[in-house]
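Let me begin by presenting the structure, written as C-alpha cells, before commenting on it.
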Amino acid sequence: MEPRDDRSAESGEERAAVRPDRGRDRDAEGRARNARPRDGLGRPLPYGAPGVPRAPEGVVRTAGASVDEAQELLREGRPFHAHEVFEDAWKSGPAEQRALWRGLAQTAVGLTHAARGNTTGGARLLRRGADGVERWAASAAPPAPGGLDTGGVVAWARALAERVEAEGQVPDAAAVAPELRAER
C-alpha cells in the first residue's frame with residue numbers, strides 16, 4: 001500500500017490534491033475526513049477542482065465570534081459552512097447553551113438543503129431548528145449569547161420554510177440569509 005500524504009493542512013485547496021484511489025481520506029490523527037473540495041453550499045467537488053475555503057472544524061470560539069463568523073458565511077451564501085461554526089459552538093460551548101447552537105446549526109442546514117433544491121427537507125430542518133431555538137429561548141434568561149436575536153431567527157426560519165414549501169422554488173442562500181442579531 002502506498003503511504004498517505006499528510007492531510008493536516010487546513011486549506012481545502014491544499015487538501016484537494018488528495019487522490020481518491022488511495023483509500024479513505026484521513027486527517028493527521030487518523031480520523032476519517034473527506035478531503036474533497038466543496039462548493040459554497042458544501043457539496044463535494046471532484047478531487048483537484050477549485051472549491052471554496054472550508055471553515056476549520058473543532059475551533060473553540062466565544063459566542064460573539066461564533067455569531068460573527070456564521071453571519072459572514074451566511075451573507076456570503078455559505079450556510080453549510082455556517083452550520084459548521086454553529087456545530088463547533090454546540091460541541092464546545094456550555095451545556096446549557098447546546099440546544100441553542102444545535103437549533104442554529106439545523107436552521108443553517110435547512111437553508112443549505114433548500115438552496116440545493118431539497119425544498120421539502122430544507123423546510124423540515126428550518127422548522128426543527130426554529131423549534132429548538134424557540135424552546136431554548138423559552139427556558140433561558142436573556143440576553144442570548146453573542147447578542148443573538150433568537151426571536152428574529154425563529155421568525156426567519158419559519159417564514160422561509162413556509163415560502164420554500166409553498167413556492168417550491170430554490171432560494172438564493174445569500175439573498176435570504178438571516179440577520180442573527182437584532183438591528184441596532
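Residue numbers start at 1 in each chain; chains themselves are named A, B, ... in the order of the C-alpha cells; ligands are numbered from 1 in the order shown.
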DSSP on the backbone: what in range 5-184 of chain A comes out helix (DSSP H, G or I), as a CSV table (one decimal) with N, CA, C and O atoms, in the first residue's frame?
```csv
chain,number,residue,atom,x,y,z
A,12,GLY,N,-8.7,23.9,2.0
A,12,GLY,CA,-9.3,22.9,1.1
A,12,GLY,C,-8.6,22.8,-0.2
A,12,GLY,O,-8.5,21.7,-0.8
A,13,GLU,N,-7.9,23.8,-0.7
A,13,GLU,CA,-7.1,23.7,-1.9
A,13,GLU,C,-5.9,22.8,-1.7
A,13,GLU,O,-5.6,22.1,-2.6
A,14,GLU,N,-5.3,22.9,-0.5
A,14,GLU,CA,-4.1,22.1,-0.3
A,14,GLU,C,-4.6,20.6,-0.2
A,14,GLU,O,-3.9,19.7,-0.6
A,15,ARG,N,-5.7,20.4,0.4
A,15,ARG,CA,-6.2,19.0,0.6
A,15,ARG,C,-6.8,18.5,-0.7
A,15,ARG,O,-7.0,17.3,-0.8
A,20,PRO,N,-8.4,10.0,-5.0
A,20,PRO,CA,-9.4,9.1,-4.5
A,20,PRO,C,-9.0,7.7,-4.5
A,20,PRO,O,-9.5,6.9,-3.8
A,21,ASP,N,-8.0,7.3,-5.3
A,21,ASP,CA,-7.6,5.9,-5.4
A,21,ASP,C,-6.7,5.5,-4.2
A,21,ASP,O,-6.2,4.4,-4.2
A,22,ARG,N,-6.5,6.3,-3.3
A,22,ARG,CA,-5.6,6.0,-2.1
A,22,ARG,C,-6.4,5.6,-0.9
A,22,ARG,O,-5.9,5.5,0.2
A,63,ALA,N,-18.9,33.0,22.1
A,63,ALA,CA,-20.3,33.1,21.4
A,63,ALA,C,-20.3,34.2,20.4
A,63,ALA,O,-20.8,34.0,19.3
A,64,GLY,N,-19.8,35.4,20.8
A,64,GLY,CA,-19.8,36.5,19.8
A,64,GLY,C,-19.0,36.2,18.5
A,64,GLY,O,-19.5,36.6,17.4
A,65,ALA,N,-17.9,35.6,18.7
A,65,ALA,CA,-17.1,35.2,17.5
A,65,ALA,C,-17.8,34.2,16.6
A,65,ALA,O,-17.7,34.2,15.4
A,66,SER,N,-18.5,33.3,17.3
A,66,SER,CA,-19.3,32.3,16.5
A,66,SER,C,-20.4,33.0,15.7
A,66,SER,O,-20.6,32.7,14.5
A,67,VAL,N,-21.1,33.9,16.4
A,67,VAL,CA,-22.1,34.6,15.7
A,67,VAL,C,-21.6,35.4,14.5
A,67,VAL,O,-22.1,35.4,13.4
A,68,ASP,N,-20.5,36.1,14.8
A,68,ASP,CA,-19.8,37.0,13.7
A,68,ASP,C,-19.4,36.1,12.5
A,68,ASP,O,-19.7,36.5,11.4
A,69,GLU,N,-18.7,35.0,12.8
A,69,GLU,CA,-18.3,34.2,11.7
A,69,GLU,C,-19.4,33.5,10.9
A,69,GLU,O,-19.4,33.5,9.7
A,70,ALA,N,-20.4,33.0,11.6
A,70,ALA,CA,-21.6,32.4,11.0
A,70,ALA,C,-22.3,33.5,10.2
A,70,ALA,O,-22.7,33.2,9.0
A,71,GLN,N,-22.5,34.7,10.7
A,71,GLN,CA,-23.2,35.8,10.0
A,71,GLN,C,-22.5,36.1,8.6
A,71,GLN,O,-23.1,36.2,7.6
A,72,GLU,N,-21.1,36.2,8.7
A,72,GLU,CA,-20.4,36.5,7.5
A,72,GLU,C,-20.6,35.3,6.5
A,72,GLU,O,-20.8,35.6,5.3
A,73,LEU,N,-20.5,34.1,6.9
A,73,LEU,CA,-20.7,33.0,6.0
A,73,LEU,C,-22.1,32.9,5.4
A,73,LEU,O,-22.3,32.7,4.2
A,74,LEU,N,-23.1,33.2,6.2
A,74,LEU,CA,-24.5,33.3,5.7
A,74,LEU,C,-24.6,34.4,4.7
A,74,LEU,O,-25.2,34.2,3.6
A,75,ARG,N,-24.1,35.6,4.9
A,75,ARG,CA,-24.1,36.7,4.0
A,75,ARG,C,-23.4,36.3,2.6
A,75,ARG,O,-23.8,36.8,1.6
A,79,PRO,N,-24.2,28.7,3.8
A,79,PRO,CA,-24.9,28.2,5.0
A,79,PRO,C,-24.3,26.9,5.5
A,79,PRO,O,-24.3,26.6,6.7
A,80,PHE,N,-23.8,26.0,4.6
A,80,PHE,CA,-23.2,24.8,5.1
A,80,PHE,C,-22.0,25.1,6.0
A,80,PHE,O,-21.8,24.4,7.0
A,81,HIS,N,-21.2,26.0,5.6
A,81,HIS,CA,-20.1,26.4,6.4
A,81,HIS,C,-20.5,27.1,7.7
A,81,HIS,O,-19.8,26.9,8.7
A,82,ALA,N,-21.5,27.9,7.7
A,82,ALA,CA,-22.1,28.5,8.9
A,82,ALA,C,-22.5,27.4,9.9
A,82,ALA,O,-22.3,27.5,11.1
A,83,HIS,N,-23.1,26.4,9.3
A,83,HIS,CA,-23.6,25.3,10.2
A,83,HIS,C,-22.4,24.6,10.9
A,83,HIS,O,-22.5,24.3,12.1
A,84,GLU,N,-21.2,24.6,10.3
A,84,GLU,CA,-20.0,24.0,10.9
A,84,GLU,C,-19.6,24.9,12.1
A,84,GLU,O,-19.1,24.4,13.1
A,85,VAL,N,-19.7,26.2,11.9
A,85,VAL,CA,-19.4,27.1,13.0
A,85,VAL,C,-20.3,26.9,14.2
A,85,VAL,O,-19.9,26.8,15.3
A,86,PHE,N,-21.6,26.8,13.9
A,86,PHE,CA,-22.6,26.6,14.9
A,86,PHE,C,-22.4,25.2,15.6
A,86,PHE,O,-22.5,25.1,16.8
A,87,GLU,N,-22.0,24.2,14.8
A,87,GLU,CA,-21.7,22.9,15.4
A,87,GLU,C,-20.6,22.9,16.3
A,87,GLU,O,-20.6,22.3,17.4
A,88,ASP,N,-19.5,23.7,16.0
A,88,ASP,CA,-18.4,23.8,16.9
A,88,ASP,C,-18.9,24.4,18.2
A,88,ASP,O,-18.5,24.0,19.3
A,89,ALA,N,-19.7,25.5,18.2
A,89,ALA,CA,-20.2,26.1,19.4
A,89,ALA,C,-21.1,25.1,20.2
A,89,ALA,O,-21.0,25.1,21.4
A,90,TRP,N,-21.9,24.3,19.5
A,90,TRP,CA,-22.7,23.3,20.1
A,90,TRP,C,-21.9,22.3,20.9
A,90,TRP,O,-22.2,21.9,22.0
A,91,LYS,N,-20.8,21.9,20.3
A,91,LYS,CA,-20.0,20.8,20.9
A,91,LYS,C,-19.0,21.3,21.9
A,91,LYS,O,-18.6,20.6,22.8
A,92,SER,N,-18.6,22.6,21.8
A,92,SER,CA,-17.6,23.1,22.8
A,92,SER,C,-18.1,24.1,23.8
A,92,SER,O,-17.5,24.4,24.8
A,95,ALA,N,-22.9,23.5,28.5
A,95,ALA,CA,-24.0,22.6,28.3
A,95,ALA,C,-25.4,23.3,28.2
A,95,ALA,O,-26.2,22.8,27.4
A,96,GLU,N,-25.6,24.3,29.0
A,96,GLU,CA,-26.9,25.0,29.0
A,96,GLU,C,-27.2,25.7,27.7
A,96,GLU,O,-28.3,26.2,27.4
A,97,GLN,N,-26.2,25.9,26.8
A,97,GLN,CA,-26.4,26.6,25.5
A,97,GLN,C,-26.4,25.6,24.3
A,97,GLN,O,-26.7,26.0,23.2
A,98,ARG,N,-26.1,24.3,24.6
A,98,ARG,CA,-26.0,23.4,23.4
A,98,ARG,C,-27.3,23.3,22.6
A,98,ARG,O,-27.2,23.2,21.4
A,99,ALA,N,-28.4,23.3,23.2
A,99,ALA,CA,-29.7,23.2,22.4
A,99,ALA,C,-29.8,24.4,21.5
A,99,ALA,O,-30.3,24.3,20.4
A,100,LEU,N,-29.4,25.6,22.0
A,100,LEU,CA,-29.5,26.8,21.1
A,100,LEU,C,-28.6,26.6,19.9
A,100,LEU,O,-29.0,26.8,18.8
A,101,TRP,N,-27.3,26.2,20.1
A,101,TRP,CA,-26.4,26.1,19.0
A,101,TRP,C,-26.8,25.0,18.0
A,101,TRP,O,-26.7,25.1,16.8
A,102,ARG,N,-27.4,23.9,18.6
A,102,ARG,CA,-27.8,22.8,17.7
A,102,ARG,C,-29.0,23.3,16.9
A,102,ARG,O,-29.0,23.0,15.7
A,103,GLY,N,-29.9,24.1,17.5
A,103,GLY,CA,-31.0,24.6,16.7
A,103,GLY,C,-30.5,25.5,15.6
A,103,GLY,O,-31.0,25.5,14.4
A,104,LEU,N,-29.5,26.4,15.9
A,104,LEU,CA,-29.0,27.3,14.9
A,104,LEU,C,-28.3,26.5,13.8
A,104,LEU,O,-28.5,26.8,12.6
A,105,ALA,N,-27.6,25.4,14.1
A,105,ALA,CA,-27.0,24.6,13.1
A,105,ALA,C,-28.0,23.9,12.2
A,105,ALA,O,-27.9,23.9,11.0
A,106,GLN,N,-29.2,23.5,12.8
A,106,GLN,CA,-30.2,22.9,12.0
A,106,GLN,C,-30.8,24.0,11.0
A,106,GLN,O,-31.2,23.6,9.9
A,107,THR,N,-31.0,25.2,11.5
A,107,THR,CA,-31.5,26.2,10.6
A,107,THR,C,-30.6,26.4,9.4
A,107,THR,O,-31.0,26.6,8.2
A,108,ALA,N,-29.3,26.5,9.7
A,108,ALA,CA,-28.3,26.6,8.6
A,108,ALA,C,-28.3,25.5,7.6
A,108,ALA,O,-28.2,25.6,6.4
A,109,VAL,N,-28.4,24.2,8.2
A,109,VAL,CA,-28.5,23.1,7.3
A,109,VAL,C,-29.8,23.1,6.5
A,109,VAL,O,-29.9,22.7,5.3
A,110,GLY,N,-30.9,23.6,7.1
A,110,GLY,CA,-32.2,23.7,6.4
A,110,GLY,C,-32.0,24.7,5.2
A,110,GLY,O,-32.5,24.4,4.1
A,111,LEU,N,-31.4,25.8,5.4
A,111,LEU,CA,-31.1,26.7,4.3
A,111,LEU,C,-30.2,26.0,3.3
A,111,LEU,O,-30.5,26.2,2.1
A,112,THR,N,-29.3,25.3,3.7
A,112,THR,CA,-28.4,24.6,2.8
A,112,THR,C,-29.2,23.6,1.9
A,112,THR,O,-29.1,23.7,0.6
A,113,HIS,N,-30.0,22.8,2.5
A,113,HIS,CA,-30.9,21.9,1.7
A,113,HIS,C,-31.8,22.6,0.8
A,113,HIS,O,-32.0,22.2,-0.4
A,114,ALA,N,-32.5,23.6,1.3
A,114,ALA,CA,-33.4,24.4,0.4
A,114,ALA,C,-32.6,25.0,-0.8
A,114,ALA,O,-33.1,24.9,-1.9
A,115,ALA,N,-31.5,25.6,-0.6
A,115,ALA,CA,-30.7,26.2,-1.6
A,115,ALA,C,-30.1,25.1,-2.6
A,115,ALA,O,-29.9,25.5,-3.8
A,116,ARG,N,-30.0,23.9,-2.2
A,116,ARG,CA,-29.5,22.8,-3.0
A,116,ARG,C,-30.7,22.2,-3.9
A,116,ARG,O,-30.5,21.4,-4.7
A,119,THR,N,-36.3,21.3,-1.2
A,119,THR,CA,-37.1,22.2,-0.5
A,119,THR,C,-37.9,21.6,0.6
A,119,THR,O,-38.1,22.2,1.7
A,120,THR,N,-38.3,20.3,0.4
A,120,THR,CA,-39.1,19.6,1.5
A,120,THR,C,-38.2,19.4,2.7
A,120,THR,O,-38.6,19.7,3.8
A,121,GLY,N,-37.0,18.8,2.5
A,121,GLY,CA,-36.1,18.6,3.6
A,121,GLY,C,-35.6,19.8,4.2
A,121,GLY,O,-35.5,19.9,5.4
A,122,GLY,N,-35.4,20.9,3.4
A,122,GLY,CA,-35.0,22.2,3.9
A,122,GLY,C,-36.0,22.8,4.8
A,122,GLY,O,-35.7,23.3,5.9
A,123,ALA,N,-37.2,22.7,4.4
A,123,ALA,CA,-38.3,23.3,5.2
A,123,ALA,C,-38.4,22.6,6.5
A,123,ALA,O,-38.6,23.2,7.6
A,124,ARG,N,-38.3,21.2,6.5
A,124,ARG,CA,-38.4,20.5,7.8
A,124,ARG,C,-37.2,20.8,8.7
A,124,ARG,O,-37.5,21.0,9.9
A,125,LEU,N,-36.0,21.0,8.2
A,125,LEU,CA,-34.9,21.3,9.0
A,125,LEU,C,-35.0,22.8,9.5
A,125,LEU,O,-34.6,23.0,10.7
A,126,LEU,N,-35.5,23.7,8.7
A,126,LEU,CA,-35.7,25.0,9.2
A,126,LEU,C,-36.6,25.1,10.3
A,126,LEU,O,-36.4,25.8,11.3
A,127,ARG,N,-37.7,24.3,10.2
A,127,ARG,CA,-38.7,24.3,11.3
A,127,ARG,C,-38.2,23.6,12.6
A,127,ARG,O,-38.4,24.1,13.7
A,128,ARG,N,-37.4,22.5,12.4
A,128,ARG,CA,-36.8,21.8,13.5
A,128,ARG,C,-35.9,22.7,14.2
A,128,ARG,O,-35.8,22.8,15.5
A,129,GLY,N,-35.0,23.4,13.5
A,129,GLY,CA,-34.1,24.3,14.1
A,129,GLY,C,-34.8,25.5,14.8
A,129,GLY,O,-34.4,25.9,15.9
A,130,ALA,N,-35.8,26.0,14.2
A,130,ALA,CA,-36.6,27.1,14.8
A,130,ALA,C,-37.2,26.6,16.1
A,130,ALA,O,-37.2,27.4,17.1
A,131,ASP,N,-37.8,25.4,16.1
A,131,ASP,CA,-38.4,24.9,17.3
A,131,ASP,C,-37.3,24.7,18.4
A,131,ASP,O,-37.6,25.1,19.6
A,132,GLY,N,-36.1,24.3,18.1
A,132,GLY,CA,-35.0,24.1,19.1
A,132,GLY,C,-34.6,25.5,19.6
A,132,GLY,O,-34.4,25.6,20.8
A,133,VAL,N,-34.4,26.5,18.8
A,133,VAL,CA,-34.0,27.8,19.2
A,133,VAL,C,-35.1,28.4,20.1
A,133,VAL,O,-34.9,28.9,21.2
A,134,GLU,N,-36.4,28.2,19.7
A,134,GLU,CA,-37.5,28.8,20.5
A,134,GLU,C,-37.6,28.1,21.9
A,134,GLU,O,-37.8,28.8,22.9
A,135,ARG,N,-37.5,26.8,21.9
A,135,ARG,CA,-37.5,26.0,23.2
A,135,ARG,C,-36.4,26.5,24.1
A,135,ARG,O,-36.6,26.8,25.3
A,136,TRP,N,-35.2,26.7,23.5
A,136,TRP,CA,-34.1,27.2,24.3
A,136,TRP,C,-34.4,28.6,24.9
A,136,TRP,O,-34.2,28.8,26.1
A,137,ALA,N,-34.8,29.4,24.0
A,137,ALA,CA,-35.1,30.8,24.4
A,137,ALA,C,-36.2,30.9,25.5
A,137,ALA,O,-36.1,31.7,26.4
A,138,ALA,N,-37.2,30.0,25.5
A,138,ALA,CA,-38.2,30.0,26.5
A,138,ALA,C,-37.7,29.6,27.8
A,138,ALA,O,-38.3,29.9,28.9
A,139,SER,N,-36.6,28.8,27.8
A,139,SER,CA,-36.1,28.3,29.1
A,139,SER,C,-34.9,29.1,29.6
A,139,SER,O,-34.4,28.8,30.7
A,145,PRO,N,-26.6,34.4,24.1
A,145,PRO,CA,-25.2,34.5,23.9
A,145,PRO,C,-24.9,35.1,22.5
A,145,PRO,O,-25.6,34.9,21.6
A,146,GLY,N,-23.8,35.9,22.5
A,146,GLY,CA,-23.3,36.5,21.3
A,146,GLY,C,-24.2,37.6,20.7
A,146,GLY,O,-24.1,38.0,19.6
A,147,GLY,N,-25.2,38.0,21.5
A,147,GLY,CA,-26.1,39.0,21.0
A,147,GLY,C,-27.2,38.5,20.0
A,147,GLY,O,-27.8,39.3,19.3
A,150,THR,N,-32.8,35.6,19.0
A,150,THR,CA,-33.5,34.3,18.9
A,150,THR,C,-34.9,34.4,18.3
A,150,THR,O,-35.2,33.6,17.4
A,151,GLY,N,-35.6,35.4,18.7
A,151,GLY,CA,-37.0,35.6,18.1
A,151,GLY,C,-36.9,35.9,16.6
A,151,GLY,O,-37.7,35.4,15.8
A,152,GLY,N,-35.9,36.7,16.2
A,152,GLY,CA,-35.8,37.0,14.8
A,152,GLY,C,-35.3,35.8,14.0
A,152,GLY,O,-35.8,35.6,12.8
A,153,VAL,N,-34.4,35.0,14.5
A,153,VAL,CA,-34.0,33.8,13.8
A,153,VAL,C,-35.2,32.8,13.7
A,153,VAL,O,-35.4,32.2,12.6
A,154,VAL,N,-36.0,32.7,14.7
A,154,VAL,CA,-37.1,31.8,14.7
A,154,VAL,C,-38.1,32.2,13.6
A,154,VAL,O,-38.6,31.4,12.8
A,155,ALA,N,-38.4,33.5,13.6
A,155,ALA,CA,-39.4,34.1,12.6
A,155,ALA,C,-38.8,33.9,11.2
A,155,ALA,O,-39.6,33.5,10.3
A,156,TRP,N,-37.5,34.2,11.0
A,156,TRP,CA,-36.9,34.0,9.7
A,156,TRP,C,-37.0,32.5,9.2
A,156,TRP,O,-37.4,32.3,8.1
A,157,ALA,N,-36.6,31.6,10.1
A,157,ALA,CA,-36.6,30.2,9.7
A,157,ALA,C,-38.0,29.7,9.4
A,157,ALA,O,-38.2,29.0,8.3
A,158,ARG,N,-39.0,30.1,10.1
A,158,ARG,CA,-40.4,29.6,9.9
A,158,ARG,C,-40.9,30.3,8.6
A,158,ARG,O,-41.6,29.6,7.8
A,159,ALA,N,-40.7,31.5,8.4
A,159,ALA,CA,-41.1,32.2,7.2
A,159,ALA,C,-40.5,31.6,5.9
A,159,ALA,O,-41.1,31.4,4.9
A,160,LEU,N,-39.2,31.3,6.0
A,160,LEU,CA,-38.5,30.8,4.9
A,160,LEU,C,-39.0,29.3,4.6
A,160,LEU,O,-39.2,29.0,3.4
A,161,ALA,N,-39.3,28.6,5.6
A,161,ALA,CA,-39.8,27.2,5.5
A,161,ALA,C,-41.1,27.3,4.8
A,161,ALA,O,-41.4,26.5,3.8
A,162,GLU,N,-42.0,28.2,5.2
A,162,GLU,CA,-43.3,28.3,4.5
A,162,GLU,C,-43.2,28.7,3.1
A,162,GLU,O,-43.8,28.1,2.2
A,163,ARG,N,-42.3,29.7,2.8
A,163,ARG,CA,-42.1,30.1,1.4
A,163,ARG,C,-41.5,29.1,0.5
A,163,ARG,O,-42.1,28.8,-0.6
A,164,VAL,N,-40.5,28.4,0.9
A,164,VAL,CA,-39.9,27.4,0.0
A,164,VAL,C,-40.9,26.2,-0.2
A,164,VAL,O,-40.9,25.6,-1.3
A,165,GLU,N,-41.6,25.9,0.8
A,165,GLU,CA,-42.6,24.8,0.7
A,165,GLU,C,-43.8,25.2,-0.2
A,165,GLU,O,-44.2,24.5,-1.1
A,166,ALA,N,-44.3,26.4,0.0
A,166,ALA,CA,-45.4,26.9,-0.8
A,166,ALA,C,-45.1,27.1,-2.3
A,166,ALA,O,-45.8,26.8,-3.2
A,167,GLU,N,-43.9,27.8,-2.5
A,167,GLU,CA,-43.5,28.1,-3.8
A,167,GLU,C,-42.7,27.0,-4.5
A,167,GLU,O,-42.6,27.0,-5.7
```
TODO: Using only C-alpha atoms, find the one residue out of A:Pro94, A:Pro44, A:Gly77, A:Gly58 that sits nearest to Val176 in chain A.
DONE: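 So, comparing all the options, the nearest one is A:Gly77.
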Open item on the list: Between CA of Arg78 in chain A and CA of Pro171 in chain A, what is the distance in Å, rounded to a tenth?
Closed with: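 Value for the CA of Arg78 in chain A-CA of Pro171 in chain A distance: 12.6 Å.
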TODO: Determine the nearest neighbour of Val60 in chain A from the options A:Arg181, A:Arg38, A:Pro46, A:Gly93, counting only C-alpha atoms.
DONE: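 Closest to Val60 in chain A of all the choices is A:Gly93.
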